[in-house]
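**Student:** The structure's right below; bear with me while I get my questions together.
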Amino acid sequence: MTEMMEVCNLRYNYPGHGREVLRDLTIRIPKKKRTALCGHNGAGKSTLFMHMTGILQPEGGTVKWNGDPISYRNKDLQLLRRRIGLVFQDPEQQLIMNTPYEDITYGLRNAFLPEDEIRMRSNQLLKLLNLEELADVPIHRLSLGQKKRVALAGVMALEPELLLLDEPAAYLDPVSEKLLMNELNRIHAEGVTIVMATHDMNIAYAWADWLCVLHQGKCVMEGTPFEIFENAAYIKELGLETPMLLEAWNALPAVMREGKIPPRSLEEWKLAVG
Amino acid sequence: MMKQIDSVTYSNRFRLLSPMWKCGFASVLFLFAYLTGPVLQAMIVVWMLIWTVIYAKVPTGLYARLMLVSCSLYVLSLPALMLEFRSAAAGGQIAQGLLLVKTESFLVYVPDTAWGIVLETLMRVLACLSCMFFVTLTTPFPAVLQVLRRLRIPLIVIELCVIMYRFIFLLLDTAHNMLLAQRCRGGQSGFRGKIRDTAILIVRLFTKTMDRYRKLSYGLISRGFTDSITPPPYEKSIVPLRYRFESIAGTAVLFVIKLWL
């Protein structure tokens, strides 16, 4: 497994916070895979993302990008942030401009691209994400799902190699969630490495190739979804849920399950059982 | 009303028309409104009403309400325009006018000349407002910013406008939601309760705003913020020949009438 990003013994404490948010956190992000970072609220997922993009500097430990520790010089950080895109949980946090079109062009303009290319890339992305009709609608009139897609488009415009998503499905209705997940799968198919922070174990189980479980600022488990959920007792001990689909699968008589890989989606379930 | 105005700017028929042309046209008429007399001003009011309500299809109700609200400021200034105070000791006689109050020490009256001033000011206010509303009701705010940029307004001013426009609605929504939450929990009742809960709301809004500011700065950094927020450059858009012709011909007619009067 080739690591794209590696975090070693990371320690961080927000000023005035009292206890450390990240405590000797060590984690690996495999290249070209879909990784899910699971854990409760306050486990340190968002703080880790801010370290991965160099927004926060660790008090101890290192963050490595393609094997080399990241440099905190302004120029190097600018380059790093073109290669790593971060989509925040609350889209209002990163939607700067007034319309989706303007907002998508914002990051491109910061990268000093020529205006013709900015226009071309923005239009392409609007088309790709089905946002053409919303291109000139003011952002404050969009729904949460639409805002999340615009935020994703704004980050994808810079064609990052690594995409970090902080709770992308939070507060979304099922239709918007499905649209977003389809979009993420399409982006991943194009070769982009994706890391998603979530506390929804159902999404993590269904979507991820690699799973990391964070607990009180530490990575306590790492592996494929099957490896992780094999240890269901420990997952429960951490206060997390096991995926509903897996629980239902395990509740089936052993004869029905024998020799079959546990399904990760409803479609796979139908094939396995039917 | 702010949300309604914003919504109309995106749904009217002049939305895609060149903002530069709209601003230029309104500016010329604004200048006319400022420099000419009541007859021409009345013509400008009617003409702008036709452009805004009939051509651009801005709702008449909204237009009328905006006009009324704006004119309320004019109404508030009427006493200063109309009333004359005179000391009774200094003669106490009014030349020509309507006597309102007379005491031993002073008298208050409306001189006959005041009516002319009131009418002139009213017509000027209406005409200037009509020109302003033509731009504000038919042009989306980002397009107005493009015009400002073309006019070489300092980038920092445009940046402030971008941020303000982006977050003012968010602030309104947050305040509205907090107000609803307070009402749902029995708050905002009685005079003292209203004062107390409004104070709490303002303090909470302030802390929320500071939190949002911190988060937004993270958002800006992650998106490669350099030193400024640059809006897209001005993009030319067309103006149908029919509108171009009508605006030029109409302005010319106004100019001729001005010379003639």
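Convention: chains lettered A, B, ... in structure tokens order; per-chain residue numbering from 1; ligands numbered from 1 as shown.
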Residues at most 10 Å from stretch 162-167 of chain B, counting only C-alpha atoms, excluding those fewer than 2 positions away in the same chain, as a PDB file with N, CA and C atoms, in the first residue's frame?

**Tutor:**
ATOM      1  N   GLU A  92     -21.192  27.077   4.274  1.00  0.00           N
ATOM      2  CA  GLU A  92     -21.120  28.541   4.434  1.00  0.00           C
ATOM      3  C   GLU A  92     -19.707  28.978   4.812  1.00  0.00           C
ATOM      4  N   LEU A  95     -17.866  29.037   1.142  1.00  0.00           N
ATOM      5  CA  LEU A  95     -18.424  29.691  -0.037  1.00  0.00           C
ATOM      6  C   LEU A  95     -18.228  31.192   0.150  1.00  0.00           C
ATOM      7  N   ILE A  96     -17.371  31.761  -0.653  1.00  0.00           N
ATOM      8  CA  ILE A  96     -16.956  33.144  -0.427  1.00  0.00           C
ATOM      9  C   ILE A  96     -17.740  34.111  -1.307  1.00  0.00           C
ATOM     10  N   MET A  97     -17.906  33.721  -2.567  1.00  0.00           N
ATOM     11  CA  MET A  97     -18.479  34.670  -3.518  1.00  0.00           C
ATOM     12  C   MET A  97     -20.014  34.565  -3.540  1.00  0.00           C
ATOM     13  N   ASN A  98     -20.616  35.359  -4.420  1.00  0.00           N
ATOM     14  CA  ASN A  98     -22.071  35.504  -4.363  1.00  0.00           C
ATOM     15  C   ASN A  98     -22.874  34.500  -5.185  1.00  0.00           C
ATOM     16  N   THR A  99     -22.270  33.957  -6.213  1.00  0.00           N
ATOM     17  CA  THR A  99     -22.995  32.967  -7.033  1.00  0.00           C
ATOM     18  C   THR A  99     -22.095  31.730  -7.226  1.00  0.00           C
ATOM     19  N   PRO A 138     -27.964  33.509  -6.538  1.00  0.00           N
ATOM     20  CA  PRO A 138     -27.183  33.860  -5.357  1.00  0.00           C
ATOM     21  C   PRO A 138     -27.115  32.701  -4.364  1.00  0.00           C
ATOM     22  N   ILE A 139     -25.958  32.549  -3.762  1.00  0.00           N
ATOM     23  CA  ILE A 139     -25.719  31.375  -2.897  1.00  0.00           C
ATOM     24  C   ILE A 139     -26.715  31.303  -1.748  1.00  0.00           C
ATOM     25  N   HIS A 140     -27.142  32.466  -1.223  1.00  0.00           N
ATOM     26  CA  HIS A 140     -28.050  32.420  -0.073  1.00  0.00           C
ATOM     27  C   HIS A 140     -29.430  31.886  -0.445  1.00  0.00           C
TER      28      HIS A 140
ATOM     29  N   PHE B 141     -26.913  42.206  -7.565  1.00  0.00           N
ATOM     30  CA  PHE B 141     -25.819  42.887  -6.887  1.00  0.00           C
ATOM     31  C   PHE B 141     -24.425  42.554  -7.467  1.00  0.00           C
ATOM     32  N   PRO B 142     -24.154  41.274  -7.802  1.00  0.00           N
ATOM     33  CA  PRO B 142     -22.828  41.000  -8.375  1.00  0.00           C
ATOM     34  C   PRO B 142     -22.568  41.814  -9.652  1.00  0.00           C
ATOM     35  N   LEU B 145     -21.493  45.209  -8.711  1.00  0.00           N
ATOM     36  CA  LEU B 145     -20.082  45.188  -8.291  1.00  0.00           C
ATOM     37  C   LEU B 145     -19.151  45.218  -9.506  1.00  0.00           C
ATOM     38  N   ILE B 156     -10.689  47.209  -2.155  1.00  0.00           N
ATOM     39  CA  ILE B 156     -11.064  46.941  -0.762  1.00  0.00           C
ATOM     40  C   ILE B 156     -12.558  47.244  -0.540  1.00  0.00           C
ATOM     41  N   VAL B 157     -13.064  48.283  -1.224  1.00  0.00           N
ATOM     42  CA  VAL B 157     -14.486  48.638  -1.100  1.00  0.00           C
ATOM     43  C   VAL B 157     -15.334  47.518  -1.708  1.00  0.00           C
ATOM     44  N   ILE B 158     -14.894  47.032  -2.876  1.00  0.00           N
ATOM     45  CA  ILE B 158     -15.649  45.964  -3.552  1.00  0.00           C
ATOM     46  C   ILE B 158     -15.612  44.690  -2.706  1.00  0.00           C
ATOM     47  N   GLU B 159     -14.442  44.391  -2.136  1.00  0.00           N
ATOM     48  CA  GLU B 159     -14.319  43.211  -1.270  1.00  0.00           C
ATOM     49  C   GLU B 159     -15.303  43.286  -0.106  1.00  0.00           C
ATOM     50  N   LEU B 160     -15.360  44.462   0.508  1.00  0.00           N
ATOM     51  CA  LEU B 160     -16.281  44.643   1.638  1.00  0.00           C
ATOM     52  C   LEU B 160     -17.724  44.420   1.196  1.00  0.00           C
ATOM     53  N   PHE B 169     -27.539  38.080   4.451  1.00  0.00           N
ATOM     54  CA  PHE B 169     -28.720  37.217   4.453  1.00  0.00           C
ATOM     55  C   PHE B 169     -28.570  36.090   5.487  1.00  0.00           C
ATOM     56  N   LEU B 170     -27.317  35.652   5.628  1.00  0.00           N
ATOM     57  CA  LEU B 170     -27.019  34.627   6.622  1.00  0.00           C
ATOM     58  C   LEU B 170     -27.291  35.177   8.023  1.00  0.00           C
ATOM     59  N   LEU B 171     -26.872  36.410   8.231  1.00  0.00           N
ATOM     60  CA  LEU B 171     -27.080  37.063   9.530  1.00  0.00           C
ATOM     61  C   LEU B 171     -28.576  37.231   9.794  1.00  0.00           C
ATOM     62  N   LEU B 172     -29.302  37.652   8.752  1.00  0.00           N
ATOM     63  CA  LEU B 172     -30.749  37.828   8.896  1.00  0.00           C
ATOM     64  C   LEU B 172     -31.428  36.512   9.242  1.00  0.00           C
ATOM     65  N   ASP B 173     -31.007  35.437   8.515  1.00  0.00           N
ATOM     66  CA  ASP B 173     -31.595  34.121   8.767  1.00  0.00           C
ATOM     67  C   ASP B 173     -31.298  33.657  10.192  1.00  0.00           C
ATOM     68  N   THR B 209     -21.214  35.527  15.216  1.00  0.00           N
ATOM     69  CA  THR B 209     -20.525  36.193  14.114  1.00  0.00           C
ATOM     70  C   THR B 209     -19.015  36.019  14.254  1.00  0.00           C
ATOM     71  N   ARG B 212     -18.168  32.568  13.276  1.00  0.00           N
ATOM     72  CA  ARG B 212     -18.258  32.418  11.821  1.00  0.00           C
ATOM     73  C   ARG B 212     -17.058  33.075  11.132  1.00  0.00           C
ATOM     74  N   ILE B 229      -9.930  39.455  -2.406  1.00  0.00           N
ATOM     75  CA  ILE B 229     -11.005  38.671  -3.020  1.00  0.00           C
ATOM     76  C   ILE B 229     -11.360  39.374  -4.322  1.00  0.00           C
ATOM     77  N   THR B 230     -10.950  38.766  -5.408  1.00  0.00           N
ATOM     78  CA  THR B 230     -11.173  39.445  -6.690  1.00  0.00           C
ATOM     79  C   THR B 230     -12.418  38.903  -7.369  1.00  0.00           C
ATOM     80  N   PRO B 231     -13.426  39.758  -7.576  1.00  0.00           N
ATOM     81  CA  PRO B 231     -14.597  39.269  -8.316  1.00  0.00           C
ATOM     82  C   PRO B 231     -14.260  39.085  -9.797  1.00  0.00           C
TER      83      PRO B 231
END

**Student:** Show me, as an MDAnalysis selection string, every residue of chain A with an atom at most 10 Å from chain B, counting only C-alpha atoms.

**Tutor:** chainID A and resid 50 53:56 74 77:82 84:88 90:99 101:103 105:111 115 118:119 136:141 154:155 158

**Student:** Mind giving me the straight-line distance from atom CA of B:Thr136 to atom CA of B:Val46 in Å, one decimal?

**Tutor:**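 We find that atom CA of B:Thr136 and atom CA of B:Val46 lie 17.2 Å from each other.
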
**Student:** Enumerate the residues of stretch 27-242 of chain B with a DSSP assignment of alpha helix (DSSP H), computed from the backbone, and present them as a CSV table (one decimal) with C-alpha atoms, in the first residue's frame.

**Tutor:**
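Saved as states_1.csv:
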chain,number,residue,atom,x,y,z
B,27,SER,CA,-27.1,58.3,-14.1
B,28,VAL,CA,-27.9,60.6,-17.0
B,29,LEU,CA,-31.6,60.7,-16.0
B,30,PHE,CA,-30.5,61.2,-12.3
B,31,LEU,CA,-28.5,64.2,-13.4
B,32,PHE,CA,-31.5,65.6,-15.3
B,33,ALA,CA,-33.7,65.0,-12.3
B,34,TYR,CA,-31.3,66.9,-10.1
B,35,LEU,CA,-30.8,69.8,-12.4
B,38,PRO,CA,-40.8,69.8,-11.7
B,39,VAL,CA,-42.3,69.3,-15.2
B,40,LEU,CA,-39.3,67.3,-16.5
B,41,GLN,CA,-39.0,65.6,-13.1
B,42,ALA,CA,-42.6,64.4,-13.4
B,43,MET,CA,-41.8,63.1,-16.9
B,44,ILE,CA,-38.8,61.2,-15.6
B,45,VAL,CA,-40.9,59.7,-12.8
B,46,VAL,CA,-43.4,58.4,-15.3
B,47,TRP,CA,-40.8,57.3,-17.8
B,48,MET,CA,-38.8,55.4,-15.2
B,49,LEU,CA,-42.0,53.8,-14.0
B,60,THR,CA,-45.9,47.2,-9.0
B,61,GLY,CA,-46.7,46.6,-5.3
B,62,LEU,CA,-43.0,46.3,-4.4
B,63,TYR,CA,-42.2,49.4,-6.4
B,64,ALA,CA,-45.0,51.4,-4.7
B,65,ARG,CA,-44.0,50.1,-1.2
B,66,LEU,CA,-40.3,51.1,-1.8
B,67,MET,CA,-41.3,54.5,-3.0
B,68,LEU,CA,-43.6,55.0,0.1
B,69,VAL,CA,-40.9,53.9,2.5
B,70,SER,CA,-38.3,56.1,0.9
B,71,CYS,CA,-40.7,59.0,0.8
B,72,SER,CA,-41.3,58.7,4.6
B,73,LEU,CA,-37.9,60.3,5.1
B,74,TYR,CA,-39.1,63.2,2.9
B,75,VAL,CA,-42.2,63.4,5.0
B,76,LEU,CA,-40.1,63.6,8.2
B,77,SER,CA,-38.2,66.5,6.8
B,78,LEU,CA,-41.4,68.4,5.9
B,79,PRO,CA,-41.7,70.4,9.1
B,80,ALA,CA,-38.2,71.8,8.6
B,81,LEU,CA,-39.1,72.8,5.0
B,82,MET,CA,-42.5,74.3,5.8
B,112,ASP,CA,-46.9,80.8,1.0
B,113,THR,CA,-43.5,80.3,-0.7
B,114,ALA,CA,-43.0,77.0,1.3
B,115,TRP,CA,-45.6,75.2,-0.9
B,116,GLY,CA,-43.5,75.7,-3.9
B,117,ILE,CA,-40.3,74.4,-2.2
B,118,VAL,CA,-42.2,71.4,-0.9
B,119,LEU,CA,-43.5,70.5,-4.4
B,120,GLU,CA,-40.1,71.1,-6.0
B,121,THR,CA,-38.4,68.9,-3.4
B,122,LEU,CA,-41.0,66.2,-3.7
B,123,MET,CA,-40.7,66.0,-7.5
B,124,ARG,CA,-36.9,65.9,-7.2
B,125,VAL,CA,-37.0,63.2,-4.6
B,126,LEU,CA,-39.4,61.1,-6.7
B,127,ALA,CA,-37.4,61.5,-9.9
B,128,CYS,CA,-34.1,60.7,-8.2
B,129,LEU,CA,-35.6,57.7,-6.4
B,130,SER,CA,-37.1,56.4,-9.7
B,131,CYS,CA,-33.7,56.4,-11.3
B,132,MET,CA,-32.1,54.7,-8.3
B,133,PHE,CA,-34.9,52.0,-8.2
B,134,PHE,CA,-34.4,51.4,-11.9
B,135,VAL,CA,-30.9,50.2,-11.2
B,136,THR,CA,-31.4,48.6,-7.8
B,137,LEU,CA,-34.5,46.6,-8.8
B,138,THR,CA,-33.3,45.4,-12.2
B,141,PHE,CA,-25.8,42.9,-6.9
B,142,PRO,CA,-22.8,41.0,-8.4
B,143,ALA,CA,-23.5,42.9,-11.6
B,144,VAL,CA,-23.4,46.2,-9.8
B,145,LEU,CA,-20.1,45.2,-8.3
B,146,GLN,CA,-18.8,44.5,-11.8
B,147,VAL,CA,-19.8,48.1,-12.7
B,148,LEU,CA,-18.0,49.4,-9.7
B,149,ARG,CA,-14.9,47.5,-10.6
B,150,ARG,CA,-15.1,48.9,-14.1
B,155,LEU,CA,-10.8,46.8,-4.5
B,156,ILE,CA,-11.1,46.9,-0.8
B,157,VAL,CA,-14.5,48.6,-1.1
B,158,ILE,CA,-15.6,46.0,-3.6
B,159,GLU,CA,-14.3,43.2,-1.3
B,160,LEU,CA,-16.3,44.6,1.6
B,161,CYS,CA,-19.4,44.8,-0.5
B,162,VAL,CA,-18.9,41.1,-1.6
B,163,ILE,CA,-18.5,39.9,2.0
B,164,MET,CA,-21.4,42.1,3.2
B,165,TYR,CA,-23.8,40.9,0.5
B,166,ARG,CA,-22.7,37.3,1.0
B,167,PHE,CA,-23.3,37.3,4.7
B,168,ILE,CA,-26.1,39.8,5.4
B,169,PHE,CA,-28.7,37.2,4.5
B,170,LEU,CA,-27.0,34.6,6.6
B,171,LEU,CA,-27.1,37.1,9.5
B,172,LEU,CA,-30.7,37.8,8.9
B,173,ASP,CA,-31.6,34.1,8.8
B,174,THR,CA,-29.6,33.4,11.9
B,175,ALA,CA,-31.3,36.3,13.8
B,176,HIS,CA,-34.7,35.2,12.5
B,177,ASN,CA,-34.2,31.6,13.6
B,178,MET,CA,-33.0,32.7,17.0
B,179,LEU,CA,-36.0,35.0,17.4
B,180,LEU,CA,-38.3,32.0,16.5
B,181,ALA,CA,-36.5,29.8,19.0
B,182,GLN,CA,-36.9,32.4,21.7
B,183,ARG,CA,-40.6,32.8,20.9
B,184,CYS,CA,-41.1,29.0,20.9
B,191,PHE,CA,-42.0,44.9,27.2
B,192,ARG,CA,-39.3,44.0,29.7
B,193,GLY,CA,-39.1,40.5,28.2
B,194,LYS,CA,-38.6,41.8,24.7
B,195,ILE,CA,-35.8,44.1,25.8
B,196,ARG,CA,-34.1,41.4,27.8
B,197,ASP,CA,-34.4,38.7,25.0
B,198,THR,CA,-33.4,41.2,22.3
B,199,ALA,CA,-30.3,42.0,24.3
B,200,ILE,CA,-29.5,38.2,24.7
B,201,LEU,CA,-30.1,37.8,20.9
B,202,ILE,CA,-27.7,40.6,20.1
B,203,VAL,CA,-25.0,39.2,22.3
B,204,ARG,CA,-25.5,35.7,20.9
B,205,LEU,CA,-25.4,37.0,17.4
B,206,PHE,CA,-22.1,38.8,18.1
B,207,THR,CA,-20.5,35.6,19.5
B,208,LYS,CA,-21.9,33.6,16.5
B,209,THR,CA,-20.5,36.2,14.1
B,210,MET,CA,-17.1,36.0,15.7
B,211,ASP,CA,-17.2,32.2,15.5
B,212,ARG,CA,-18.3,32.4,11.8
B,213,TYR,CA,-15.5,34.9,11.1
B,214,ARG,CA,-12.9,32.4,12.5
B,215,LYS,CA,-14.3,29.6,10.5
B,216,LEU,CA,-14.5,31.7,7.3
B,217,SER,CA,-10.9,32.6,7.7
B,218,TYR,CA,-10.0,28.9,7.7
B,219,GLY,CA,-12.2,28.5,4.7
B,220,LEU,CA,-10.4,31.3,2.9
B,221,ILE,CA,-7.0,29.9,3.8
B,222,SER,CA,-8.0,26.4,2.5
B,241,LEU,CA,-31.6,47.9,-30.2
B,242,ARG,CA,-35.2,48.8,-29.3

**Student:** For a test of reading the model, state the distance in Å between atom CA of B:Val239 and atom CA of A:Arg121, rounded to one decimal.

**Tutor:** 27.5 Å

**Student:** Using atom CA of A:Val273 and atom CA of A:Arg257 as the two end points, give the distance in Å to one decimal.

**Tutor:**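 Between atom CA of A:Val273 and atom CA of A:Arg257 the gap works out to 8.4 Å.
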
**Student:** For a quick check of understanding, using only C-alpha atoms, which of A:Glu167, A:Glu247, A:Asp173, A:Glu183 has the smallest distance to A:Leu128?

**Tutor:** A:Glu183

**Student:** Could you pull the residues within 9 Å of stretch 198-207 of chain A, counting only C-alpha atoms, minus those fewer than 6 positions along the same chain, as a short mmCIF file (atom, residue, chain, number, x, y, z; two decimals) with N, CA, C and O atoms, in the first residue's frame?

**Tutor:**
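Done, and the output landed in part31.cif:
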data_model
loop_
_atom_site.label_atom_id
_atom_site.label_comp_id
_atom_site.auth_asym_id
_atom_site.auth_seq_id
_atom_site.Cartn_x
_atom_site.Cartn_y
_atom_site.Cartn_z
N ARG A 34 -10.47 5.15 -1.25
CA ARG A 34 -11.49 5.93 -0.54
C ARG A 34 -11.35 5.60 0.93
O ARG A 34 -11.59 4.46 1.32
N THR A 35 -10.94 6.59 1.69
CA THR A 35 -10.71 6.35 3.12
C THR A 35 -11.79 7.04 3.93
O THR A 35 -12.15 8.19 3.65
N ALA A 36 -12.28 6.33 4.94
CA ALA A 36 -13.25 6.97 5.86
C ALA A 36 -12.60 7.11 7.22
O ALA A 36 -12.00 6.18 7.73
N LEU A 37 -12.68 8.34 7.75
CA LEU A 37 -12.19 8.59 9.11
C LEU A 37 -13.42 8.57 10.01
O LEU A 37 -14.29 9.42 9.88
N CYS A 38 -13.52 7.57 10.88
CA CYS A 38 -14.72 7.47 11.71
C CYS A 38 -14.41 7.86 13.14
O CYS A 38 -13.28 7.72 13.61
N GLY A 39 -15.41 8.31 13.80
CA GLY A 39 -15.24 8.67 15.22
C GLY A 39 -16.34 9.61 15.65
O GLY A 39 -17.03 10.20 14.82
N HIS A 40 -16.47 9.72 16.98
CA HIS A 40 -17.49 10.62 17.53
C HIS A 40 -17.17 12.07 17.22
O HIS A 40 -16.06 12.40 16.84
N ASN A 41 -18.16 12.95 17.48
CA ASN A 41 -17.87 14.39 17.43
C ASN A 41 -16.81 14.67 18.49
O ASN A 41 -16.90 14.14 19.61
N LYS A 45 -11.35 14.66 14.12
CA LYS A 45 -11.36 14.49 12.66
C LYS A 45 -11.11 15.82 11.93
O LYS A 45 -10.23 15.92 11.06
N LEU A 165 -13.04 15.48 2.89
CA LEU A 165 -14.44 15.89 3.07
C LEU A 165 -14.83 15.73 4.53
O LEU A 165 -14.73 14.63 5.08
N ASP A 166 -15.25 16.83 5.14
CA ASP A 166 -15.63 16.78 6.55
C ASP A 166 -17.15 16.60 6.65
O ASP A 166 -17.90 17.52 6.33
N GLU A 167 -17.57 15.44 7.07
CA GLU A 167 -19.00 15.11 7.23
C GLU A 167 -19.82 15.57 6.02
O GLU A 167 -20.74 16.38 6.17
N PRO A 168 -19.53 15.08 4.83
CA PRO A 168 -20.22 15.61 3.65
C PRO A 168 -21.72 15.32 3.63
O PRO A 168 -22.48 16.07 3.04
N ALA A 169 -22.12 14.23 4.29
CA ALA A 169 -23.54 13.86 4.21
C ALA A 169 -24.36 14.42 5.36
O ALA A 169 -25.57 14.18 5.42
N ALA A 170 -23.72 15.17 6.26
CA ALA A 170 -24.44 15.67 7.43
C ALA A 170 -25.59 16.58 7.02
O ALA A 170 -25.41 17.47 6.18
N MET A 181 -22.90 11.24 -3.10
CA MET A 181 -22.10 10.02 -3.09
C MET A 181 -21.77 9.59 -4.52
O MET A 181 -20.64 9.15 -4.78
N ASN A 185 -18.03 9.13 -6.04
CA ASN A 185 -17.55 7.93 -6.73
C ASN A 185 -17.00 8.28 -8.11
O ASN A 185 -16.00 7.71 -8.55
N PRO A 225 -12.85 -2.23 5.67
CA PRO A 225 -14.10 -2.29 6.44
C PRO A 225 -14.34 -3.65 7.08
O PRO A 225 -14.76 -3.74 8.22
N PHE A 226 -14.03 -4.74 6.34
CA PHE A 226 -14.28 -6.07 6.90
C PHE A 226 -13.39 -6.34 8.10
O PHE A 226 -13.82 -6.90 9.10
N PHE A 229 -14.76 -4.20 11.12
CA PHE A 229 -16.03 -4.61 11.73
C PHE A 229 -16.04 -6.07 12.20
O PHE A 229 -17.00 -6.53 12.79
N LEU A 240 -19.41 3.29 19.22
CA LEU A 240 -19.83 3.43 17.81
C LEU A 240 -20.75 2.28 17.44
O LEU A 240 -20.78 1.25 18.12
N GLU A 241 -21.47 2.48 16.35
CA GLU A 241 -22.43 1.46 15.90
C GLU A 241 -21.77 0.57 14.86
O GLU A 241 -20.87 1.02 14.14
N THR A 242 -22.23 -0.65 14.77
CA THR A 242 -21.81 -1.46 13.62
C THR A 242 -22.83 -1.23 12.50
O THR A 242 -24.00 -0.94 12.80
N PRO A 243 -22.43 -1.33 11.24
CA PRO A 243 -23.36 -1.02 10.15
C PRO A 243 -24.60 -1.91 10.19
O PRO A 243 -24.49 -3.11 10.45
N MET A 244 -25.73 -1.30 9.88
CA MET A 244 -27.01 -2.00 9.95
C MET A 244 -27.04 -3.22 9.00
O MET A 244 -27.48 -4.29 9.36
N LEU A 245 -26.48 -2.98 7.80
CA LEU A 245 -26.48 -4.03 6.78
C LEU A 245 -25.67 -5.24 7.25
O LEU A 245 -26.08 -6.40 7.06
N LEU A 246 -24.54 -4.97 7.89
CA LEU A 246 -23.68 -6.04 8.36
C LEU A 246 -24.34 -6.79 9.52
O LEU A 246 -24.25 -8.02 9.60
N PRO A 263 -22.47 -8.30 2.09
CA PRO A 263 -22.81 -7.22 1.14
C PRO A 263 -22.59 -5.83 1.77
O PRO A 263 -22.75 -5.68 2.98
N ARG A 264 -22.25 -4.86 0.92
CA ARG A 264 -22.01 -3.50 1.44
C ARG A 264 -23.07 -2.53 0.95
O ARG A 264 -23.03 -1.35 1.27
N SER A 265 -23.96 -3.01 0.11
CA SER A 265 -25.06 -2.15 -0.33
C SER A 265 -26.30 -3.02 -0.49
O SER A 265 -26.21 -4.26 -0.49
#

**Student:** DSSP says strand (DSSP E or B) for which residues of stretch 8-253 of chain A? Put them as a count of residues only?

**Tutor:** 54

**Student:** Might you pull out every residue within 9 Å of stretch 97-105 of chain B, with only C-alpha atoms counted and same-chain residues fewer than 4 positions away left off, and present them as number ranges by chain?

**Tutor:** B: 86-89, 92, 109-114

**Student:** Keeping only N, CA and C atoms, write those residues as a compact mmCIF listing (two decimals), in the first residue's frame.

**Tutor:**
# COMPACT_ATOMS: atom_id res chain seq x y z
N ARG B 86 -41.31 82.83 14.27
CA ARG B 86 -40.96 84.25 14.37
C ARG B 86 -41.25 84.74 15.79
N SER B 87 -40.36 85.54 16.27
CA SER B 87 -40.55 86.07 17.62
C SER B 87 -41.64 87.15 17.60
N ALA B 88 -42.54 87.10 18.56
CA ALA B 88 -43.63 88.08 18.61
C ALA B 88 -43.09 89.47 18.91
N ALA B 89 -41.98 89.51 19.68
CA ALA B 89 -41.39 90.80 20.07
C ALA B 89 -40.80 91.52 18.86
N GLY B 92 -43.86 90.44 14.93
CA GLY B 92 -44.96 89.49 15.07
C GLY B 92 -45.92 89.45 13.91
N TYR B 109 -45.87 79.67 11.54
CA TYR B 109 -46.73 79.77 10.36
C TYR B 109 -46.08 79.09 9.16
N VAL B 110 -46.89 78.86 8.14
CA VAL B 110 -46.38 78.28 6.90
C VAL B 110 -46.41 79.39 5.85
N PRO B 111 -45.26 79.87 5.42
CA PRO B 111 -45.28 80.93 4.41
C PRO B 111 -45.77 80.38 3.07
N ASP B 112 -46.37 81.24 2.28
CA ASP B 112 -46.90 80.80 0.98
C ASP B 112 -45.81 80.23 0.07
N THR B 113 -44.62 80.76 0.20
CA THR B 113 -43.51 80.30 -0.66
C THR B 113 -43.12 78.86 -0.35
N ALA B 114 -43.45 78.39 0.88
CA ALA B 114 -43.04 77.03 1.30
C ALA B 114 -43.67 75.95 0.42
